[in-house]
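Colleague: One file: entry22.tsv (TSV, C-alpha atoms and all ligand atoms).
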```
chain	number	residue	atom	x	y	z
A	721	MET	CA	-152.12	188.05	82.26
A	722	SER	CA	-152.79	189.77	79.00
A	723	ALA	CA	-153.29	193.27	77.78
A	724	VAL	CA	-155.98	194.11	75.24
A	725	ASP	CA	-153.47	194.27	72.36
A	726	ASP	CA	-152.42	190.67	73.13
A	727	LEU	CA	-156.03	189.53	73.06
A	728	LEU	CA	-156.63	191.31	69.74
A	729	GLU	CA	-153.50	190.06	67.98
A	730	GLY	CA	-154.48	189.02	64.44
A	731	LYS	CA	-158.16	189.88	64.92
A	732	ASP	CA	-160.33	191.78	62.44
A	733	ILE	CA	-163.29	192.33	64.70
A	734	CYS	CA	-163.66	193.05	68.40
A	735	ILE	CA	-167.12	192.98	69.94
A	736	CYS	CA	-167.59	194.54	73.36
A	737	ALA	CA	-170.62	192.91	74.90
A	738	GLY	CA	-172.13	193.04	78.35
A	739	SER	CA	-175.05	194.22	80.42
A	740	GLY	CA	-176.37	197.77	80.55
A	741	GLY	CA	-174.21	200.56	81.93
A	742	VAL	CA	-171.04	198.54	82.59
A	743	GLY	CA	-168.88	200.61	80.24
A	744	LYS	CA	-169.21	198.99	76.81
A	745	THR	CA	-169.28	202.28	74.90
A	746	THR	CA	-166.37	203.70	76.88
A	747	THR	CA	-164.32	200.53	76.50
A	748	SER	CA	-164.98	200.21	72.76
A	749	ALA	CA	-163.90	203.78	72.12
A	750	ALA	CA	-160.80	203.34	74.30
A	751	ILE	CA	-159.82	200.06	72.64
A	752	ALA	CA	-160.25	201.56	69.17
A	753	ALA	CA	-158.09	204.56	70.12
A	754	GLY	CA	-155.45	202.32	71.67
A	755	MET	CA	-155.22	200.04	68.63
A	756	ALA	CA	-155.12	203.04	66.26
A	757	ALA	CA	-152.30	204.47	68.37
A	758	ARG	CA	-150.45	201.21	67.71
A	759	GLY	CA	-150.60	201.70	63.95
A	760	LEU	CA	-153.85	200.06	62.82
A	761	ARG	CA	-156.64	201.59	60.77
A	762	VAL	CA	-159.49	201.15	63.22
A	763	CYS	CA	-163.15	202.00	63.09
A	764	VAL	CA	-165.35	201.98	66.19
A	765	LEU	CA	-169.07	201.55	65.75
A	766	THR	CA	-170.72	203.11	68.75
A	767	ILE	CA	-174.29	203.05	69.88
A	768	ASP	CA	-175.82	205.92	71.79
A	769	PRO	CA	-172.59	207.33	73.19
A	770	ALA	CA	-172.99	209.99	75.85
A	771	LYS	CA	-173.15	213.33	74.10
A	772	ARG	CA	-169.89	214.60	75.50
A	773	LEU	CA	-168.01	211.49	74.40
A	774	ALA	CA	-169.58	211.73	70.94
A	775	ASP	CA	-168.58	215.38	70.75
A	776	SER	CA	-165.04	214.63	71.75
A	777	LEU	CA	-164.81	212.00	69.01
A	778	GLY	CA	-166.14	214.59	66.57
A	779	LEU	CA	-169.42	212.68	66.15
A	780	LYS	CA	-171.90	215.50	66.01
A	781	GLU	CA	-174.81	213.73	64.39
A	782	LEU	CA	-176.03	210.31	63.39
A	783	GLY	CA	-174.57	210.05	59.94
A	784	ASN	CA	-174.35	206.26	59.64
A	785	GLU	CA	-171.02	207.05	57.99
A	786	ALA	CA	-167.57	206.58	59.48
A	787	ARG	CA	-165.67	209.80	60.19
A	788	GLN	CA	-162.01	210.09	60.96
A	789	VAL	CA	-161.11	211.43	64.38
A	790	ASP	CA	-158.58	214.22	64.15
A	791	PRO	CA	-155.23	212.81	65.39
A	792	ALA	CA	-154.28	216.29	66.61
A	793	LEU	CA	-156.93	215.94	69.33
A	794	PHE	CA	-155.08	212.92	70.70
A	795	ALA	CA	-151.71	214.57	70.29
A	796	GLU	CA	-152.94	217.19	72.78
A	797	GLN	CA	-153.32	214.33	75.28
A	798	GLY	CA	-149.83	213.08	74.55
A	799	VAL	CA	-151.17	210.14	72.51
A	800	GLU	CA	-149.73	209.61	69.07
A	801	ILE	CA	-152.11	207.88	66.66
A	802	LYS	CA	-149.75	206.00	64.35
A	803	GLY	CA	-152.62	204.47	62.38
A	804	GLU	CA	-156.08	205.95	61.86
A	805	LEU	CA	-159.07	206.20	64.14
A	806	TRP	CA	-162.50	206.33	62.60
A	807	ALA	CA	-165.78	206.41	64.45
A	808	MET	CA	-169.40	206.18	63.59
A	809	MET	CA	-172.64	206.29	65.46
A	810	LEU	CA	-174.94	203.52	64.46
A	811	ASP	CA	-178.33	204.44	63.19
A	812	ALA	CA	-180.41	201.27	63.17
A	813	LYS	CA	-183.21	202.71	61.05
A	814	ALA	CA	-180.85	204.04	58.37
A	815	THR	CA	-179.04	200.68	58.28
A	816	PHE	CA	-182.33	198.85	57.87
A	817	ASP	CA	-183.21	201.18	54.98
A	818	GLU	CA	-179.87	200.53	53.32
A	819	LEU	CA	-180.37	196.82	53.72
A	820	VAL	CA	-183.81	196.95	52.13
A	821	ALA	CA	-182.39	199.03	49.28
A	822	ARG	CA	-179.73	196.36	48.72
A	823	GLN	CA	-182.11	193.41	48.92
A	824	ALA	CA	-184.95	194.86	46.86
A	825	PRO	CA	-185.22	193.36	43.37
A	826	ASP	CA	-185.82	196.78	41.81
A	827	GLU	CA	-186.30	200.42	42.66
A	828	GLU	CA	-190.03	200.18	42.70
A	829	ALA	CA	-190.04	197.38	45.28
A	830	ARG	CA	-187.53	199.34	47.35
A	831	ASP	CA	-189.65	202.47	47.34
A	832	ARG	CA	-192.77	200.51	48.14
A	833	VAL	CA	-191.17	199.09	51.27
A	834	LEU	CA	-189.39	202.25	52.38
A	835	GLY	CA	-192.47	204.38	51.91
A	836	ASN	CA	-194.74	201.91	53.66
A	837	ARG	CA	-196.05	203.04	57.04
A	838	ILE	CA	-195.90	199.55	58.52
A	839	TYR	CA	-192.27	199.22	57.51
A	840	GLN	CA	-191.49	202.62	59.00
A	841	GLN	CA	-192.89	201.47	62.34
A	842	ILE	CA	-191.39	198.00	62.26
A	843	SER	CA	-187.90	199.05	61.20
A	844	SER	CA	-187.43	201.18	64.29
A	845	ALA	CA	-189.57	199.24	66.77
A	846	LEU	CA	-188.85	195.61	65.95
A	847	ALA	CA	-187.35	193.94	68.99
A	848	GLY	CA	-183.69	193.28	68.40
A	849	SER	CA	-183.51	195.35	65.24
A	850	GLN	CA	-180.91	197.64	66.73
A	851	GLU	CA	-178.70	194.69	67.63
A	852	TYR	CA	-179.23	193.09	64.28
A	853	MET	CA	-178.49	196.28	62.41
A	854	ALA	CA	-175.31	196.77	64.40
A	855	MET	CA	-174.14	193.44	63.05
A	856	GLU	CA	-175.32	194.29	59.56
A	857	LYS	CA	-173.20	197.43	59.56
A	858	LEU	CA	-170.27	195.45	60.92
A	859	PHE	CA	-170.66	192.93	58.13
A	860	GLU	CA	-170.86	195.67	55.50
A	861	LEU	CA	-167.74	197.45	56.75
A	862	HIS	CA	-165.90	194.16	57.01
A	863	THR	CA	-166.74	193.37	53.39
A	864	GLU	CA	-165.46	196.78	52.30
A	865	ASP	CA	-162.05	195.94	53.75
A	866	ARG	CA	-161.17	199.56	54.55
A	867	PHE	CA	-160.08	198.89	58.11
A	868	ASP	CA	-157.65	196.58	59.87
A	869	LEU	CA	-159.87	196.33	62.93
A	870	LEU	CA	-163.53	197.01	63.61
A	871	VAL	CA	-164.60	197.54	67.20
A	872	LEU	CA	-168.29	197.09	67.85
A	873	ASP	CA	-170.04	198.56	70.83
A	874	THR	CA	-173.30	196.76	71.58
A	875	PRO	CA	-176.66	198.28	72.45
A	876	PRO	CA	-177.80	198.91	75.99
A	877	THR	CA	-179.76	195.73	76.49
A	878	ARG	CA	-180.94	194.77	79.92
A	879	ASN	CA	-179.37	191.43	79.31
A	880	ALA	CA	-176.24	190.87	77.26
A	881	LEU	CA	-177.79	187.76	75.77
A	882	ASP	CA	-180.41	189.73	73.88
A	883	PHE	CA	-177.60	190.73	71.61
A	884	LEU	CA	-176.66	187.16	70.76
A	885	ASP	CA	-180.23	186.25	70.01
A	886	ALA	CA	-180.89	189.23	67.75
A	887	PRO	CA	-180.14	187.65	64.36
A	888	LYS	CA	-182.19	184.62	65.31
A	889	ARG	CA	-185.11	186.73	66.43
A	890	LEU	CA	-185.10	188.78	63.26
A	891	THR	CA	-184.93	185.76	60.96
A	892	GLN	CA	-187.58	184.04	63.02
A	893	PHE	CA	-189.75	187.06	62.53
A	894	ILE	CA	-189.13	186.99	58.80
A	895	GLU	CA	-189.59	183.24	58.56
A	896	GLY	CA	-192.37	183.30	61.11
A	897	ARG	CA	-195.81	181.90	60.73
A	898	SER	CA	-197.49	185.29	60.93
A	899	LEU	CA	-195.53	186.56	58.00
A	900	ARG	CA	-196.04	183.40	55.99
A	901	VAL	CA	-199.77	183.72	56.45
A	902	PHE	CA	-199.61	187.20	55.08
A	903	MET	CA	-197.42	186.33	52.16
A	904	LYS	CA	-199.13	183.23	50.79
A	905	PRO	CA	-200.78	184.07	47.46
A	906	THR	CA	-204.04	182.81	48.89
A	907	GLY	CA	-203.33	184.16	52.34
A	908	PHE	CA	-204.78	186.88	54.43
A	909	ALA	CA	-203.15	189.65	52.44
A	910	ALA	CA	-204.56	188.48	49.16
A	911	LYS	CA	-207.99	188.09	50.67
A	912	VAL	CA	-207.87	191.52	52.20
A	913	ALA	CA	-206.61	193.11	49.02
A	914	GLY	CA	-209.44	191.43	47.16
A	915	ARG	CA	-211.98	192.83	49.54
A	916	GLY	CA	-210.44	196.27	49.83
A	917	ALA	CA	-213.73	198.01	49.36
A	918	SER	CA	-215.60	196.11	52.03
A	919	VAL	CA	-217.60	198.17	54.47
A	920	ALA	CA	-215.75	196.92	57.53
A	921	LEU	CA	-212.42	197.97	56.16
A	922	SER	CA	-213.52	201.38	55.11
A	923	VAL	CA	-214.84	201.95	58.62
A	924	PHE	CA	-211.51	200.79	60.02
A	925	LYS	CA	-209.73	203.10	57.64
A	926	ARG	CA	-211.76	206.02	58.90
A	927	ILE	CA	-210.86	205.15	62.48
A	928	VAL	CA	-207.10	204.74	62.11
A	929	GLY	CA	-206.74	207.47	59.54
A	930	PHE	CA	-205.11	205.40	56.87
A	931	ASP	CA	-205.62	202.07	55.23
A	932	LEU	CA	-203.77	199.96	57.76
A	933	ILE	CA	-204.75	196.61	56.34
A	934	ALA	CA	-203.87	197.58	52.80
A	935	ASP	CA	-200.53	198.92	54.02
A	936	LEU	CA	-199.90	195.69	55.90
A	937	ALA	CA	-200.75	193.59	52.89
A	938	GLU	CA	-198.58	195.69	50.65
A	939	PHE	CA	-195.69	195.62	53.07
A	940	PHE	CA	-195.68	191.86	53.41
A	941	ASN	CA	-196.04	191.37	49.69
A	942	ALA	CA	-193.19	193.70	48.89
A	943	PHE	CA	-191.08	192.15	51.66
A	944	SER	CA	-191.65	188.61	50.49
A	945	GLY	CA	-189.25	188.96	47.58
A	946	MET	CA	-186.49	189.92	49.99
A	947	VAL	CA	-186.87	187.17	52.57
A	948	ASP	CA	-184.35	184.82	51.00
A	949	GLY	CA	-181.82	187.60	50.68
A	950	PHE	CA	-182.29	188.54	54.35
A	951	GLN	CA	-181.86	184.98	55.47
A	952	ALA	CA	-178.75	184.41	53.39
A	953	ARG	CA	-177.27	187.59	54.78
A	954	ALA	CA	-178.14	186.68	58.35
A	955	ARG	CA	-176.29	183.38	57.87
A	956	ARG	CA	-173.21	185.24	56.60
A	957	VAL	CA	-173.38	187.65	59.52
A	958	ASN	CA	-173.55	184.68	61.88
A	959	SER	CA	-170.54	183.01	60.33
A	960	LEU	CA	-168.60	186.28	60.55
A	961	LEU	CA	-169.35	186.40	64.28
A	962	ALA	CA	-168.09	182.84	64.67
A	963	ASP	CA	-164.93	183.46	62.65
A	964	ARG	CA	-161.64	182.89	64.46
A	965	ARG	CA	-160.60	186.45	63.52
A	966	THR	CA	-163.48	187.80	65.58
A	967	CYS	CA	-163.00	188.36	69.30
A	968	PHE	CA	-165.73	188.82	71.88
A	969	LEU	CA	-164.70	190.79	74.93
A	970	VAL	CA	-167.12	190.57	77.80
A	971	VAL	CA	-167.35	193.83	79.73
A	972	CYS	CA	-168.74	193.65	83.25
A	973	GLY	CA	-168.73	195.33	86.63
A	974	PRO	CA	-167.08	193.86	89.74
A	975	GLN	CA	-170.25	193.35	91.80
A	976	GLY	CA	-171.76	189.92	92.33
A	977	GLU	CA	-174.63	190.23	89.91
A	978	PRO	CA	-172.63	191.57	86.94
A	979	VAL	CA	-170.08	188.83	87.55
A	980	ASP	CA	-172.84	186.18	87.48
A	981	GLU	CA	-174.12	187.67	84.24
A	982	ALA	CA	-170.64	187.62	82.74
A	983	VAL	CA	-170.23	183.95	83.68
A	984	TYR	CA	-173.56	183.15	82.09
A	985	PHE	CA	-172.80	185.19	78.98
A	986	HIS	CA	-169.45	183.46	78.59
A	987	ARG	CA	-171.16	180.08	78.79
A	988	LYS	CA	-173.60	181.11	76.08
A	989	LEU	CA	-170.75	182.30	73.87
A	990	VAL	CA	-169.00	178.97	74.25
A	991	GLU	CA	-172.21	177.05	73.57
A	992	ALA	CA	-172.81	179.12	70.44
A	993	LYS	CA	-169.18	178.42	69.39
A	994	LEU	CA	-168.43	182.12	69.29
A	995	PRO	CA	-164.84	183.18	69.94
A	996	PHE	CA	-164.41	184.46	73.49
A	997	GLY	CA	-161.32	186.65	73.95
A	998	GLY	CA	-161.37	187.85	77.53
A	999	VAL	CA	-163.14	189.86	80.19
A	1000	ILE	CA	-162.78	193.50	81.05
A	1001	VAL	CA	-163.90	194.21	84.58
A	1002	ASN	CA	-164.60	197.92	84.67
A	1003	LYS	CA	-165.04	200.32	87.59
A	1004	VAL	CA	-163.06	198.20	90.01
A	1005	HIS	CA	-162.27	199.42	93.53
A	1006	TYR	CA	-158.64	198.50	93.96
A	1007	PRO	CA	-157.31	197.82	97.46
A	1008	ALA	CA	-155.42	200.85	98.67
A	1009	GLU	CA	-152.05	199.25	99.26
A	1010	ARG	CA	-150.24	202.38	100.34
A	1011	LEU	CA	-152.56	203.12	103.22
A	1012	ARG	CA	-152.88	199.51	104.23
A	1013	GLY	CA	-149.09	199.52	104.64
A	1014	ASP	CA	-149.54	201.98	107.52
A	1015	GLY	CA	-151.51	199.30	109.32
A	1016	ALA	CA	-152.86	199.86	112.81
A	1017	ASP	CA	-151.34	203.32	113.18
A	1018	LEU	CA	-153.68	204.77	110.63
A	1019	PRO	CA	-156.48	205.90	113.01
A	1020	ALA	CA	-154.00	207.58	115.28
A	1021	ALA	CA	-152.16	209.22	112.39
A	1022	LEU	CA	-155.41	210.54	110.94
A	1023	ALA	CA	-156.68	211.77	114.31
A	1024	GLU	CA	-153.47	213.68	114.82
A	1025	ARG	CA	-153.66	215.32	111.42
A	1026	LEU	CA	-157.41	215.91	111.12
A	1027	GLY	CA	-158.71	215.94	114.67
A	1028	ASP	CA	-160.63	213.13	116.36
A	1029	ASP	CA	-163.98	213.63	114.65
A	1030	LEU	CA	-162.90	214.09	111.04
A	1031	GLY	CA	-160.07	211.60	111.51
A	1032	SER	CA	-162.41	208.84	112.65
A	1033	ARG	CA	-164.85	209.57	109.84
A	1034	VAL	CA	-162.08	209.39	107.24
A	1035	CYS	CA	-161.02	206.14	108.88
A	1036	GLU	CA	-164.51	204.68	108.57
A	1037	ASN	CA	-164.74	205.80	104.99
A	1038	PHE	CA	-161.43	204.17	104.27
A	1039	ALA	CA	-162.58	200.93	105.95
A	1040	ASP	CA	-165.71	200.97	103.77
A	1041	TYR	CA	-163.62	201.46	100.68
A	1042	GLN	CA	-161.34	198.60	101.68
A	1043	ALA	CA	-164.36	196.35	102.21
A	1044	LEU	CA	-165.57	197.22	98.70
A	1045	ALA	CA	-162.13	196.57	97.29
A	1046	GLU	CA	-161.95	193.19	99.01
A	1047	ARG	CA	-165.38	192.27	97.74
A	1048	ASP	CA	-164.34	193.24	94.19
A	1049	THR	CA	-161.18	191.16	94.45
A	1050	ARG	CA	-163.14	188.11	95.62
A	1051	ASN	CA	-165.68	188.51	92.81
A	1052	ILE	CA	-162.99	188.88	90.17
A	1053	ASP	CA	-161.10	185.84	91.47
A	1054	ARG	CA	-164.32	183.87	91.24
A	1055	LEU	CA	-164.91	185.15	87.70
A	1056	ALA	CA	-161.44	184.10	86.55
A	1057	ALA	CA	-161.89	180.67	88.19
A	1058	GLU	CA	-165.31	180.06	86.65
A	1059	LEU	CA	-164.20	181.14	83.19
A	1060	ARG	CA	-160.90	179.30	83.56
A	1061	THR	CA	-159.12	182.22	81.97
A	1062	GLN	CA	-156.17	184.44	82.72
A	1063	ALA	CA	-157.56	187.04	80.34
A	1064	VAL	CA	-159.19	189.24	82.95
A	1065	ILE	CA	-158.33	192.92	82.66
A	1066	ARG	CA	-159.29	195.20	85.53
A	1067	VAL	CA	-159.92	198.90	85.01
A	1068	PRO	CA	-160.35	201.04	88.14
A	1069	TYR	CA	-163.31	203.17	89.00
A	1070	LEU	CA	-161.94	206.53	87.94
A	1071	ASP	CA	-162.73	209.69	89.87
A	1072	GLU	CA	-164.68	211.12	86.96
A	1073	ASP	CA	-166.88	209.96	84.12
A	1074	VAL	CA	-165.06	209.17	80.92
A	1075	HIS	CA	-166.31	211.72	78.43
A	1076	ASP	CA	-163.26	212.95	76.59
A	1077	LEU	CA	-160.07	211.80	74.96
A	1078	ALA	CA	-158.11	212.35	78.17
A	1079	GLY	CA	-160.49	209.91	79.89
A	1080	LEU	CA	-160.04	207.34	77.14
A	1081	ALA	CA	-156.28	207.73	77.38
A	1082	GLU	CA	-156.51	207.10	81.14
A	1083	ILE	CA	-158.57	203.92	80.60
A	1084	ASN	CA	-155.97	202.76	78.09
A	1085	ARG	CA	-153.22	203.01	80.68
A	1086	TYR	CA	-154.91	199.92	82.15
A	1087	LEU	CA	-156.28	198.18	79.07
A	1088	PHE	CA	-152.96	198.28	77.27
A	1089	ALA	CA	-150.67	197.46	80.16
A	1090	SER	CA	-149.17	194.27	81.52
A	1091	ALA	CA	-150.78	192.97	84.69
A	1092	GLU	CA	-147.83	194.23	86.73
A	1093	GLN	CA	-147.99	197.74	85.25
A	1094	ARG	CA	-151.72	197.79	85.83
A	1095	GLU	CA	-151.45	196.78	89.46
A	1096	ALA	CA	-148.67	199.27	90.15
A	1097	ARG	CA	-150.59	202.12	88.55
A	1098	ALA	CA	-153.84	201.27	90.31
A	1099	ALA	CA	-152.13	200.92	93.69
A	1100	GLY	CA	-150.58	204.34	93.13
A	1101	ARG	CA	-154.01	205.83	92.46
A	1102	ALA	CA	-155.90	204.31	95.33
A	1201	LIG	N1	-163.69	203.13	84.62
A	1201	LIG	C1	-164.62	204.09	84.77
A	1201	LIG	N2	-164.56	204.96	85.79
A	1201	LIG	C2	-165.49	205.92	85.97
A	1201	LIG	N3	-166.53	206.08	85.17
A	1201	LIG	C3	-166.67	205.25	84.12
A	1201	LIG	C4	-165.72	204.20	83.86
A	1201	LIG	N4	-166.14	203.53	82.75
A	1201	LIG	C5	-167.26	204.12	82.34
A	1201	LIG	N5	-167.60	205.15	83.14
A	1201	LIG	C6	-168.81	205.99	83.05
A	1201	LIG	O1	-169.93	205.15	83.30
A	1201	LIG	C7	-171.02	205.53	82.48
A	1201	LIG	C8	-171.50	204.33	81.66
A	1201	LIG	O2	-170.49	203.98	80.73
A	1201	LIG	P1	-170.86	203.53	79.24
A	1201	LIG	O3	-171.77	204.49	78.60
A	1201	LIG	O4	-169.58	203.23	78.56
A	1201	LIG	O5	-171.62	202.17	79.58
A	1201	LIG	P2	-172.42	201.23	78.57
A	1201	LIG	O6	-172.15	199.83	78.99
A	1201	LIG	O7	-172.08	201.59	77.16
A	1201	LIG	O8	-173.91	201.64	78.90
A	1201	LIG	P3	-175.23	201.28	78.06
A	1201	LIG	O9	-175.49	199.85	78.34
A	1201	LIG	O10	-176.23	202.22	78.62
A	1201	LIG	O11	-174.88	201.54	76.63
A	1201	LIG	C9	-170.55	206.69	81.64
A	1201	LIG	O12	-170.96	207.88	82.26
A	1201	LIG	C10	-169.03	206.58	81.68
A	1201	LIG	O13	-168.40	207.84	81.55
A	1202	MG	MG	-173.37	202.17	75.57
```
How does this structure look as C-alpha cells?
Ligand SMILES: Nc1ncnc2c1ncn2[C@@H]1O[C@H](COP(=O)(O)OP(=O)(O)OP(=O)(O)O)[C@@H](O)[C@H]1O
Ligand SMILES: [Mg+2]
Modeller:
Amino acid sequence: MSAVDDLLEGKDICICAGSGGVGKTTTSAAIAAGMAARGLRVCVLTIDPAKRLADSLGLKELGNEARQVDPALFAEQGVEIKGELWAMMLDAKATFDELVARQAPDEEARDRVLGNRIYQQISSALAGSQEYMAMEKLFELHTEDRFDLLVLDTPPTRNALDFLDAPKRLTQFIEGRSLRVFMKPTGFAAKVAGRGASVALSVFKRIVGFDLIADLAEFFNAFSGMVDGFQARARRVNSLLADRRTCFLVVCGPQGEPVDEAVYFHRKLVEAKLPFGGVIVNKVHYPAERLRGDGADLPAALAERLGDDLGSRVCENFADYQALAERDTRNIDRLAAELRTQAVIRVPYLDEDVHDLAGLAEINRYLFASAEQREARAAGRA
C-alpha cells in the first residue's frame, strides 16, 4: 500500500475532491506541507479554510495571490521544509474578474463588463462559478510554471460531482440558448435597447431602482465578444485535468454513505477519463489493538482499577468504540474492493480539530508513511 508521496510521484497537480466536511481542506494543506518538506516548490490553493488554519498558514485575507509560508513556523514543529510551501485562498469573484480582463478585447469592453451590475451578481452567484474559478486559477498557476506541484482543495459542495460538472455548466451557460437569444443582433437585447424609452421599461426602472433591462442587454453584448475565448480556455482547463501528470485524490469518511459517494465519484472520474490516484479515508476509528489483547479480562481489570460503576461504563464505551472501528474497517475493505485499488490511505480521527501546523504534521505522519508504519502508529494511539 502506498503513501501519498508514492501516489504523487511525477505529478504536477493534485486535486483533493470529495463530499462536504470530509477533510479536503485539511488534507490539501497537509499534503502540500509534506511535499514541500520533501524538497518541492508547492503551492496549495485552499477554499474557505477554517480561520485558525488560515491564520496558521499566514493567510490573513483573501488576496488571490500566493504567499510563502514561513519555514520557521514548521521548524518549530520539528518539520524541515526543504523546498517551499506557498498557499493562497481562492477568491472566485476576483478570479472571474481577472479572467474577464484577460478575455476582453480592449479596456473599454473590460470595464463595461466589470462595472455592469448583472455581471457583478452573476460572477459571484452563478452556480458552479466557484468550482470553475478554482480550476481557472489552477490553470493560470500551472501556465506560470513557478511551482513543482499545485495542490487544489475543492469547494464544499454537497456532492463531489458538482465539482466535475462545473466547467460544463459554465460553458453551457455561456453557450446556452438564453444567452444566444440575448446576443443575436436582432435578439431581445437589440430590441430592448431600441425601445429603451418605452413607458413599460421606464416604469420597471423606477421599481427596481436601475435600468435592469439595459444593464442585461449591455452585459450580454459586452460578454459576447468573450465567449469564444471562454470556451477555448474551458477546453484547455479540461485537458489539463485529464493530463497524466494530474492526480485526483478522493477524500472521504469511513461511514457507509461517504464510502458509497466515493465509489460513485471514482466511477465518474473513470468515465470522464480523469486520472484517479487514490483514496484518503479520513477520521477513521482504528481498532484498539492494545486493549483487545487483554481480551476477556478487561472488564475485571477495569472494575478493579475504577470501581464497578465507572469500570463497566468505560467497558461499554470501549465496546462502542470497537464496534465503530469494526464498522470502519468493513467499509474501507469494501471501498478498496469496489475501486480495485491498493491506494487507500487511512488517517485516524484525531483527538482534536486540525487547525495548526502541529495538526498538519500529525496528519502527515499517516499520509506520508508506509502502510505498516501507519498501522503501528494508529494502533499505538488507539
Ligand atoms: N483526521 C482528523 N481528525 C480530527 N479532526 C479532523 C480530521 N480531519 C479534519 N478534521 C476537522 O474536521 C473539520 C472539517 O475538515 P475540513 O475543513 O478539512 O473539511 P472539508 O472537506 O474541507 O470541508 P468543506 O467541504 O466544508 O470544505 C475541521 O474542523 C478539521 O479540523
Ligand atoms: Mg474545505
Colleague: Around the point (-191.6, 198.0, 58.6) in the file's coordinates, collect all residues with an atom within 10 Å, using all atoms listed in the file, and return them as a list in words.
Modeller: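 Protein, DNA and RNA residues close to (-191.6, 198.0, 58.6): Lys813, Phe816, Asp817, Val833, Leu834, Gly835, Asn836, Arg837, Ile838, Tyr839, Gln840, Gln841, Ile842, Ser843, Ser844, Ala845, Leu846, Leu936, Phe939, Phe940 and Phe943 of chain A.
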Colleague: Quote the spacing between CA of Lys731 in chain A and CA of Ala807 in chain A in Å to one decimal place.
Modeller: 18.2 Å
Colleague: So how far away is atom O11 of ligand LIG 1201 (chain A) from CA of Gly976 in chain A, in Å?
Modeller: 19.8 Å
Colleague: Fewer than 4 positions away in the same chain doesn't count, so skip those; otherwise give me all residues within 9 Å of Ala1078 in chain A, counting all atoms listed in the file, as a count of residues only.
Modeller: 6
Colleague: To check your reading of the model: which residues sit at most 7 Å from ligand LIG 1201 (chain A) when counting all atoms listed in the file? Write the answer as an MDAnalysis selection string.
Modeller: chainID A and resid 738:747 767:770 875:877 1002:1003 1067:1075 1083
Colleague: Using all atoms listed in the file, determine which residues lie at most 8 Å from range 822-828 of chain A, disregarding the query and same-chain residues fewer than 4 positions distant; provide the list as a list in words.
Modeller: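 The residues satisfying every condition are Glu818, Arg832, Gly945, Met946, Gly949 and Phe950 of chain A.
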Colleague: Can you work out which one of A:Arg787, A:Arg956, A:Lys771, A:Arg1094 has the shortest atom-to-atom distance to Ser722 in chain A, counting only C-alpha atoms?
Modeller: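 With only C-alpha atoms as the atom set, the closest residue is A:Arg1094.
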Colleague: Could you list, as a PyMOL selection string, every residue within 9 Å of Ala756 in chain A, counting all atoms listed in the file and ignoring same-chain residues fewer than 2 positions away?
Modeller: chain A and resi 751-754+758-763+800-806+869
Colleague: Please, what distance in Å, to one decimal, runs between CA of Met808 in chain A and CA of Gly778 in chain A?
Modeller: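 CA of Gly778 in chain A lies 9.5 Å from CA of Met808 in chain A.
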Colleague: Taking all atoms listed in the file into account, which of A:Ala1089, A:Met809, A:Val789, A:Ile1052 comes nearest ligand MG 1202 (chain A)?
Modeller: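 Counting all atoms listed in the file, the residue closest to ligand MG 1202 (chain A) is A:Met809.
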Colleague: Looking at A:Ala954, A:Cys1035, A:Arg1066, A:Ala786, which one is nearest to Gln1093 in chain A, with distances taken over only C-alpha atoms?
Modeller: A:Arg1066
Colleague: Find the spatial neighbours of Leu961 in chain A, counting all atoms listed in the file, within a cut-off of 12 Å - ignore same-chain residues fewer than 3 positions away - and output them as an NGL selection string.
Modeller: :A and (731-735 or 852 or 854-856 or 858-859 or 862 or 872 or 883-884 or 887 or 954-958 or 964-968 or 989 or 992-996)
Colleague: Output as AutoDock Vina command-line options the centre and edge lengths (Å, one decimal) of the box along x, y and z of the file that holds every listed atom of range 761-769 of chain A after adding 5 Å on each side.
Modeller:
```
--center_x -166.2 --center_y 204.2 --center_z 67.0 --size_x 29.2 --size_y 16.2 --size_z 22.4
```
Colleague: Would you please work out which residue, of A:Val1064, A:Leu810, A:Leu1080, A:Gly730, is nearest to ligand MG 1202 (chain A) when using all atoms listed in the file?
Modeller: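 The closest residue to ligand MG 1202 (chain A) is A:Leu810.
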Colleague: Which residue out of A:Asp935, A:Glu1024, A:Asp873, A:Asp885 has the minimum interatomic distance to ligand MG 1202 (chain A) when only C-alpha atoms and all ligand atoms are used?
Modeller: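 The answer is A:Asp873, which sits nearest to ligand MG 1202 (chain A).
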